[in-house]
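Asks: Let me give you the structure first, and then I'll get to my questions.
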Amino acid sequence: TATTPSLRTARTTRVVAHRGASHEHPEHTLEAYRKAIADGADALECDVRLTRDGRLVCVHDRTVERTSDGRGVVSAMTYEELCAFDFGGWKGEEHRGARVLLFEDLLKEALAADRPVGLAVETKHPTRAGGRLEAELVRLLKEYGLADGADGRVEVMSFSRNALTRLHRLAPGLPAVYLVERAVRPPRPPFAGHAGPGIDLVRRDPGLVGRLRAKGLRVRVWTVDEPEDVELCVRLGVETIITNRPRQVREQLEAM
Ligand code: G3P
Ligand code: CA
């Protein structure tokens, strides 16, 4: 019947928590990621940046102004300097007390969950860090036995083809997701089996998903928070939905 493919897709769609359960909790904090795990997310999305002293931290923006009570550029500060800021209060008084999250601590949190929880790691700032960011990411993944991609637990994502190329050289087994914001026909890196268009692009051009799949790419769409967009993704056969609202999306998929 006409509904069968949708039902099948709904039951197998992976739900990835974008910056944690970040609709209700301060993004990229332990609190937001713990909630995402409790909400049934299959994997946790995070953006990583390198501090001045070479630590990988989970921060989306170039600066800390939007998501903390501090000021300054992440890459110009040490981890210790970043620890002085509050990363929760901007979302509401009840969230006050959250500290900047080290990628390594997020990794430990995912590994400590009582079921397999994946990580979808997006590298930010690829040009300025000159490859150091990717090297540090792969070093950490190797330390935890996660760099060969064997269990499909970690995937790396970037808008930068250069960053993905560097990651592929360092860890060829890791699934690499090429993120697409505007391009209707994204170049296909020879190594990436995955494409990540934004939901705005998919809304404007729903046929894009089929074209990407026809090229053999698996499709994950970000950031899908509205029920009608979840429905559209399922109808189009999108494999992975990246959302700020993992519980709501999970419940909608289960009810389909
Ligand atoms: O999951 C991909 C998505 O996070 C890319 O956009 O700006 O939220 O990092 P951004
Ligand atoms: Ca991101």
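Letters A, B, ... go to the chains of the structure tokens in the order shown; residues in each chain start at 1; ligands are counted from 1 in the same order.
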Find the residues of chain A that sit at most 9 Å from ligand 2; for each, write down the nearest two atoms and how far apart they are in Å, to one decimal. Count only C-alpha atoms and all ligand atoms. Sort by chain, then by number going up, and give it as JSON lines.
Replies:
```
{"residue": "A:His18", "atom": "CA", "partner": "ligand 2", "partner_atom_place_in_ligand_line": "1 (Ca)", "distance": 7.0}
{"residue": "A:Arg19", "atom": "CA", "partner": "ligand 2", "partner_atom_place_in_ligand_line": "1 (Ca)", "distance": 7.1}
{"residue": "A:Glu45", "atom": "CA", "partner": "ligand 2", "partner_atom_place_in_ligand_line": "1 (Ca)", "distance": 6.7}
{"residue": "A:Cys46", "atom": "CA", "partner": "ligand 2", "partner_atom_place_in_ligand_line": "1 (Ca)", "distance": 5.9}
{"residue": "A:Asp47", "atom": "CA", "partner": "ligand 2", "partner_atom_place_in_ligand_line": "1 (Ca)", "distance": 4.9}
{"residue": "A:Val48", "atom": "CA", "partner": "ligand 2", "partner_atom_place_in_ligand_line": "1 (Ca)", "distance": 8.5}
{"residue": "A:His60", "atom": "CA", "partner": "ligand 2", "partner_atom_place_in_ligand_line": "1 (Ca)", "distance": 6.6}
{"residue": "A:Ala120", "atom": "CA", "partner": "ligand 2", "partner_atom_place_in_ligand_line": "1 (Ca)", "distance": 8.8}
{"residue": "A:Val121", "atom": "CA", "partner": "ligand 2", "partner_atom_place_in_ligand_line": "1 (Ca)", "distance": 7.7}
{"residue": "A:Glu122", "atom": "CA", "partner": "ligand 2", "partner_atom_place_in_ligand_line": "1 (Ca)", "distance": 5.5}
{"residue": "A:Thr123", "atom": "CA", "partner": "ligand 2", "partner_atom_place_in_ligand_line": "1 (Ca)", "distance": 8.0}
{"residue": "A:Lys124", "atom": "CA", "partner": "ligand 2", "partner_atom_place_in_ligand_line": "1 (Ca)", "distance": 8.1}
{"residue": "A:Met157", "atom": "CA", "partner": "ligand 2", "partner_atom_place_in_ligand_line": "1 (Ca)", "distance": 8.2}
{"residue": "A:Ser158", "atom": "CA", "partner": "ligand 2", "partner_atom_place_in_ligand_line": "1 (Ca)", "distance": 8.3}
{"residue": "A:Trp222", "atom": "CA", "partner": "ligand 2", "partner_atom_place_in_ligand_line": "1 (Ca)", "distance": 8.7}
```
Asks: Give the residue list for ligand 1 at 12 Å, counting only C-alpha atoms and all ligand atoms, as a PyMOL selection string, sorted by chain and then by residue number.
Replies: chain A and resi 15-20+22+27-28+43-49+58-62+119-125+155-160+177-182+195-200+219-224+240-244
Asks: Quick one: residues within 10 Å of A:Val74, only C-alpha atoms, excluding same-chain residues fewer than 3 positions away - as a PDB file with C-alpha atoms, in the first residue's frame?
Replies:
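As a result, result15.pdb now contains:
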```
ATOM      1  CA  ARG A  49      36.243  23.933  18.446  1.00  0.00           C
ATOM      2  CA  LEU A  50      39.823  24.046  19.599  1.00  0.00           C
ATOM      3  CA  THR A  51      40.844  26.245  22.535  1.00  0.00           C
ATOM      4  CA  ARG A  52      44.123  28.176  22.550  1.00  0.00           C
ATOM      5  CA  VAL A  57      35.300  21.962  23.462  1.00  0.00           C
ATOM      6  CA  VAL A  59      30.716  25.264  21.320  1.00  0.00           C
ATOM      7  CA  HIS A  60      28.831  26.241  18.164  1.00  0.00           C
ATOM      8  CA  ASP A  61      29.678  29.920  17.721  1.00  0.00           C
ATOM      9  CA  ARG A  62      33.084  31.443  17.165  1.00  0.00           C
ATOM     10  CA  THR A  63      32.559  33.476  20.337  1.00  0.00           C
ATOM     11  CA  VAL A  64      30.989  32.677  23.707  1.00  0.00           C
ATOM     12  CA  GLU A  65      28.636  35.685  23.942  1.00  0.00           C
ATOM     13  CA  ARG A  71      33.005  37.412  26.227  1.00  0.00           C
ATOM     14  CA  MET A  77      41.054  31.395  25.196  1.00  0.00           C
ATOM     15  CA  THR A  78      42.383  28.521  27.246  1.00  0.00           C
ATOM     16  CA  TYR A  79      40.088  25.822  28.567  1.00  0.00           C
ATOM     17  CA  GLU A  81      39.590  30.635  30.996  1.00  0.00           C
ATOM     18  CA  LEU A  82      36.414  29.222  29.455  1.00  0.00           C
TER      19      LEU A  82
END
```
Asks: List every residue of stretch 2-57 of chain A that has an atom at most 8 Å from any atom of stretch 93-110 of chain A, giving for each one its closest atom pair and the distance in Å to one decimal, counting only C-alpha atoms, sorted by chain and then by ascending residue number, as a Markdown table.
Replies:
```
| residue | atom | partner | partner_atom | distance |
| --- | --- | --- | --- | --- |
| A:His25 | CA | A:His95 | CA | 7.5 |
| A:Pro26 | CA | A:His95 | CA | 7.2 |
| A:His28 | CA | A:Leu101 | CA | 6.8 |
| A:Thr29 | CA | A:Leu101 | CA | 6.0 |
| A:Leu30 | CA | A:Leu101 | CA | 6.9 |
| A:Glu31 | CA | A:Ala98 | CA | 7.7 |
| A:Tyr33 | CA | A:Leu106 | CA | 7.9 |
| A:Arg34 | CA | A:Glu109 | CA | 7.9 |
| A:Val48 | CA | A:Phe103 | CA | 7.1 |
| A:Arg55 | CA | A:Leu102 | CA | 7.4 |
| A:Leu56 | CA | A:Phe103 | CA | 5.6 |
| A:Val57 | CA | A:Leu102 | CA | 4.4 |
```
Asks: Which is closer to A:Leu167 than all the others in A:Phe85, A:Glu134, A:Arg115, A:Val230, using only C-alpha atoms?
Replies: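 Smallest separation from A:Leu167 among the options: A:Glu134.
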Asks: Could you pull out the residues in stretch 35-174 of chain A that DSSP calls strand (DSSP E) from the backbone, as an MDAnalysis selection string?
Replies: chainID A and resid 43:50 56:58 118:123 154:158
Asks: Please build the interface table for stretch 150-231 of chain A against stretch 140-146 of chain A with a cut-off of 10 Å, listing for each qualifying residue the nearest atom pair and the distance in Å to one decimal; count only C-alpha atoms, order rows by chain and increasing number, and write it as CSV.
Replies:
```
residue,atom,partner,partner_atom,distance
A:Ala150,CA,A:Leu146,CA,7.8
A:Asp151,CA,A:Leu146,CA,8.0
A:Gly152,CA,A:Leu146,CA,8.8
A:Arg153,CA,A:Leu146,CA,7.3
A:Val154,CA,A:Leu146,CA,6.8
A:Glu155,CA,A:Leu146,CA,9.8
A:Ala171,CA,A:Lys142,CA,9.0
A:Gly173,CA,A:Leu146,CA,9.9
A:Leu174,CA,A:Leu146,CA,8.7
```
Asks: I'd like to know which of A:Gly130, A:Pro175, A:Gly149, A:Gly237 is closest to A:Thr12, using only C-alpha atoms.
Replies: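 With only C-alpha atoms as the atom set, the closest residue is A:Gly237.
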Asks: Identify, on the basis of only C-alpha atoms, every residue whose closest approach to A:Leu217 does not exceed 6 Å; exclude the query and any residue fewer than 3 positions from it along the same chain; express the result as a CSV table (one decimal) with N, CA and C atoms, in the first residue's frame.
Replies:
```csv
chain,number,residue,atom,x,y,z
A,193,GLY,N,29.9,8.9,2.2
A,193,GLY,CA,28.7,8.2,1.8
A,193,GLY,C,27.4,8.9,2.3
A,194,HIS,N,27.6,10.1,2.8
A,194,HIS,CA,26.4,10.7,3.5
A,194,HIS,C,26.3,12.2,3.1
A,212,LEU,N,20.0,12.7,-4.2
A,212,LEU,CA,21.1,12.3,-3.4
A,212,LEU,C,21.2,10.8,-3.2
A,213,ARG,N,20.0,10.3,-2.9
A,213,ARG,CA,19.9,8.8,-2.7
A,213,ARG,C,20.3,8.1,-3.9
```
Asks: Could you tell me, as a PDB file with N, CA and C atoms, in the first residue's frame, which residues of stretch 89-211 of chain A DSSP assigns to alpha helix (DSSP H) when given the backbone?
Replies:
```
ATOM      1  N   PHE A 103      34.872  17.944  24.749  1.00  0.00           N
ATOM      2  CA  PHE A 103      34.394  16.861  23.900  1.00  0.00           C
ATOM      3  C   PHE A 103      34.658  15.508  24.555  1.00  0.00           C
ATOM      4  N   GLU A 104      35.787  15.408  25.228  1.00  0.00           N
ATOM      5  CA  GLU A 104      36.114  14.130  25.863  1.00  0.00           C
ATOM      6  C   GLU A 104      35.072  13.754  26.927  1.00  0.00           C
ATOM      7  N   ASP A 105      34.550  14.747  27.638  1.00  0.00           N
ATOM      8  CA  ASP A 105      33.537  14.443  28.655  1.00  0.00           C
ATOM      9  C   ASP A 105      32.213  14.027  28.011  1.00  0.00           C
ATOM     10  N   LEU A 106      31.908  14.601  26.865  1.00  0.00           N
ATOM     11  CA  LEU A 106      30.704  14.171  26.146  1.00  0.00           C
ATOM     12  C   LEU A 106      30.867  12.727  25.673  1.00  0.00           C
ATOM     13  N   LEU A 107      32.037  12.453  25.179  1.00  0.00           N
ATOM     14  CA  LEU A 107      32.343  11.097  24.717  1.00  0.00           C
ATOM     15  C   LEU A 107      32.159  10.085  25.857  1.00  0.00           C
ATOM     16  N   LYS A 108      32.689  10.425  27.031  1.00  0.00           N
ATOM     17  CA  LYS A 108      32.553   9.533  28.192  1.00  0.00           C
ATOM     18  C   LYS A 108      31.082   9.346  28.555  1.00  0.00           C
ATOM     19  N   GLU A 109      30.322  10.435  28.469  1.00  0.00           N
ATOM     20  CA  GLU A 109      28.896  10.381  28.805  1.00  0.00           C
ATOM     21  C   GLU A 109      28.151   9.431  27.853  1.00  0.00           C
ATOM     22  N   ALA A 110      28.459   9.546  26.571  1.00  0.00           N
ATOM     23  CA  ALA A 110      27.803   8.668  25.581  1.00  0.00           C
ATOM     24  C   ALA A 110      28.182   7.218  25.841  1.00  0.00           C
ATOM     25  N   LEU A 111      29.454   6.992  26.160  1.00  0.00           N
ATOM     26  CA  LEU A 111      29.909   5.613  26.382  1.00  0.00           C
ATOM     27  C   LEU A 111      29.329   5.023  27.670  1.00  0.00           C
ATOM     28  N   ALA A 112      28.990   5.894  28.617  1.00  0.00           N
ATOM     29  CA  ALA A 112      28.479   5.411  29.908  1.00  0.00           C
ATOM     30  C   ALA A 112      26.977   5.122  29.868  1.00  0.00           C
ATOM     31  N   ARG A 132      44.787  21.099  13.004  1.00  0.00           N
ATOM     32  CA  ARG A 132      45.046  20.670  14.390  1.00  0.00           C
ATOM     33  C   ARG A 132      43.769  20.131  15.034  1.00  0.00           C
ATOM     34  N   LEU A 133      42.649  20.746  14.650  1.00  0.00           N
ATOM     35  CA  LEU A 133      41.373  20.321  15.222  1.00  0.00           C
ATOM     36  C   LEU A 133      41.070  18.867  14.846  1.00  0.00           C
ATOM     37  N   GLU A 134      41.214  18.550  13.570  1.00  0.00           N
ATOM     38  CA  GLU A 134      40.929  17.185  13.125  1.00  0.00           C
ATOM     39  C   GLU A 134      41.890  16.194  13.770  1.00  0.00           C
ATOM     40  N   ALA A 135      43.161  16.616  13.885  1.00  0.00           N
ATOM     41  CA  ALA A 135      44.167  15.725  14.481  1.00  0.00           C
ATOM     42  C   ALA A 135      43.809  15.414  15.938  1.00  0.00           C
ATOM     43  N   GLU A 136      43.386  16.440  16.663  1.00  0.00           N
ATOM     44  CA  GLU A 136      43.038  16.238  18.080  1.00  0.00           C
ATOM     45  C   GLU A 136      41.768  15.380  18.197  1.00  0.00           C
ATOM     46  N   LEU A 137      40.821  15.612  17.311  1.00  0.00           N
ATOM     47  CA  LEU A 137      39.588  14.807  17.335  1.00  0.00           C
ATOM     48  C   LEU A 137      39.906  13.328  17.103  1.00  0.00           C
ATOM     49  N   VAL A 138      40.698  13.048  16.098  1.00  0.00           N
ATOM     50  CA  VAL A 138      41.019  11.652  15.786  1.00  0.00           C
ATOM     51  C   VAL A 138      41.882  11.034  16.893  1.00  0.00           C
ATOM     52  N   ARG A 139      42.788  11.840  17.464  1.00  0.00           N
ATOM     53  CA  ARG A 139      43.613  11.324  18.572  1.00  0.00           C
ATOM     54  C   ARG A 139      42.719  10.841  19.717  1.00  0.00           C
ATOM     55  N   LEU A 140      41.724  11.682  20.071  1.00  0.00           N
ATOM     56  CA  LEU A 140      40.825  11.305  21.163  1.00  0.00           C
ATOM     57  C   LEU A 140      39.985  10.075  20.802  1.00  0.00           C
ATOM     58  N   LEU A 141      39.479  10.065  19.580  1.00  0.00           N
ATOM     59  CA  LEU A 141      38.654   8.919  19.173  1.00  0.00           C
ATOM     60  C   LEU A 141      39.476   7.633  19.207  1.00  0.00           C
ATOM     61  N   LYS A 142      40.744   7.742  18.799  1.00  0.00           N
ATOM     62  CA  LYS A 142      41.616   6.561  18.834  1.00  0.00           C
ATOM     63  C   LYS A 142      41.820   6.091  20.266  1.00  0.00           C
ATOM     64  N   GLU A 143      42.037   7.063  21.154  1.00  0.00           N
ATOM     65  CA  GLU A 143      42.261   6.722  22.561  1.00  0.00           C
ATOM     66  C   GLU A 143      41.087   5.907  23.115  1.00  0.00           C
ATOM     67  N   ARG A 161      34.712  20.717   2.803  1.00  0.00           N
ATOM     68  CA  ARG A 161      35.222  19.525   2.148  1.00  0.00           C
ATOM     69  C   ARG A 161      36.682  19.277   2.560  1.00  0.00           C
ATOM     70  N   ASN A 162      37.427  20.361   2.779  1.00  0.00           N
ATOM     71  CA  ASN A 162      38.823  20.215   3.213  1.00  0.00           C
ATOM     72  C   ASN A 162      38.915  19.509   4.558  1.00  0.00           C
ATOM     73  N   ALA A 163      38.025  19.902   5.461  1.00  0.00           N
ATOM     74  CA  ALA A 163      38.040  19.268   6.792  1.00  0.00           C
ATOM     75  C   ALA A 163      37.734  17.780   6.663  1.00  0.00           C
ATOM     76  N   LEU A 164      36.764  17.437   5.815  1.00  0.00           N
ATOM     77  CA  LEU A 164      36.411  16.020   5.643  1.00  0.00           C
ATOM     78  C   LEU A 164      37.550  15.248   4.997  1.00  0.00           C
ATOM     79  N   THR A 165      38.239  15.904   4.079  1.00  0.00           N
ATOM     80  CA  THR A 165      39.382  15.246   3.426  1.00  0.00           C
ATOM     81  C   THR A 165      40.462  14.942   4.466  1.00  0.00           C
ATOM     82  N   ARG A 166      40.739  15.924   5.323  1.00  0.00           N
ATOM     83  CA  ARG A 166      41.756  15.713   6.366  1.00  0.00           C
ATOM     84  C   ARG A 166      41.337  14.589   7.312  1.00  0.00           C
ATOM     85  N   LEU A 167      40.070  14.595   7.695  1.00  0.00           N
ATOM     86  CA  LEU A 167      39.586  13.547   8.600  1.00  0.00           C
ATOM     87  C   LEU A 167      39.688  12.178   7.950  1.00  0.00           C
ATOM     88  N   HIS A 168      39.376  12.143   6.667  1.00  0.00           N
ATOM     89  CA  HIS A 168      39.422  10.857   5.963  1.00  0.00           C
ATOM     90  C   HIS A 168      40.847  10.311   5.908  1.00  0.00           C
ATOM     91  N   ARG A 169      41.808  11.216   5.743  1.00  0.00           N
ATOM     92  CA  ARG A 169      43.212  10.764   5.715  1.00  0.00           C
ATOM     93  C   ARG A 169      43.608  10.173   7.063  1.00  0.00           C
ATOM     94  N   LEU A 170      43.149  10.832   8.133  1.00  0.00           N
ATOM     95  CA  LEU A 170      43.539  10.399   9.487  1.00  0.00           C
ATOM     96  C   LEU A 170      42.769   9.163   9.954  1.00  0.00           C
ATOM     97  N   ILE A 199      16.930  21.538   6.439  1.00  0.00           N
ATOM     98  CA  ILE A 199      15.495  21.358   6.173  1.00  0.00           C
ATOM     99  C   ILE A 199      14.948  22.450   5.249  1.00  0.00           C
ATOM    100  N   ASP A 200      15.494  23.665   5.325  1.00  0.00           N
ATOM    101  CA  ASP A 200      15.017  24.738   4.430  1.00  0.00           C
ATOM    102  C   ASP A 200      15.222  24.347   2.980  1.00  0.00           C
ATOM    103  N   LEU A 201      16.379  23.771   2.722  1.00  0.00           N
ATOM    104  CA  LEU A 201      16.707  23.333   1.365  1.00  0.00           C
ATOM    105  C   LEU A 201      15.760  22.217   0.923  1.00  0.00           C
ATOM    106  N   VAL A 202      15.480  21.285   1.827  1.00  0.00           N
ATOM    107  CA  VAL A 202      14.602  20.150   1.508  1.00  0.00           C
ATOM    108  C   VAL A 202      13.167  20.627   1.283  1.00  0.00           C
ATOM    109  N   ARG A 203      12.730  21.593   2.081  1.00  0.00           N
ATOM    110  CA  ARG A 203      11.378  22.137   1.884  1.00  0.00           C
ATOM    111  C   ARG A 203      11.254  22.761   0.509  1.00  0.00           C
ATOM    112  N   ARG A 204      12.290  23.540   0.118  1.00  0.00           N
ATOM    113  CA  ARG A 204      12.254  24.224  -1.178  1.00  0.00           C
ATOM    114  C   ARG A 204      12.362  23.247  -2.340  1.00  0.00           C
ATOM    115  N   GLY A 207      12.768  17.110  -4.042  1.00  0.00           N
ATOM    116  CA  GLY A 207      13.365  16.123  -4.939  1.00  0.00           C
ATOM    117  C   GLY A 207      14.851  15.917  -4.683  1.00  0.00           C
ATOM    118  N   LEU A 208      15.470  16.849  -3.981  1.00  0.00           N
ATOM    119  CA  LEU A 208      16.900  16.752  -3.679  1.00  0.00           C
ATOM    120  C   LEU A 208      17.234  15.443  -2.952  1.00  0.00           C
ATOM    121  N   VAL A 209      16.356  15.059  -2.008  1.00  0.00           N
ATOM    122  CA  VAL A 209      16.627  13.845  -1.220  1.00  0.00           C
ATOM    123  C   VAL A 209      16.725  12.629  -2.145  1.00  0.00           C
ATOM    124  N   GLY A 210      15.785  12.514  -3.061  1.00  0.00           N
ATOM    125  CA  GLY A 210      15.810  11.388  -4.001  1.00  0.00           C
ATOM    126  C   GLY A 210      17.045  11.429  -4.888  1.00  0.00           C
ATOM    127  N   ARG A 211      17.444  12.624  -5.305  1.00  0.00           N
ATOM    128  CA  ARG A 211      18.625  12.740  -6.178  1.00  0.00           C
ATOM    129  C   ARG A 211      19.895  12.330  -5.419  1.00  0.00           C
TER     130      ARG A 211
END
```
Asks: Using atom CA of A:Asp205 and atom CA of A:Val249 as the two end points, give the distance in Å to one decimal.
Replies: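 Computed distance, atom CA of A:Asp205 to atom CA of A:Val249, equals 22.0 Å.
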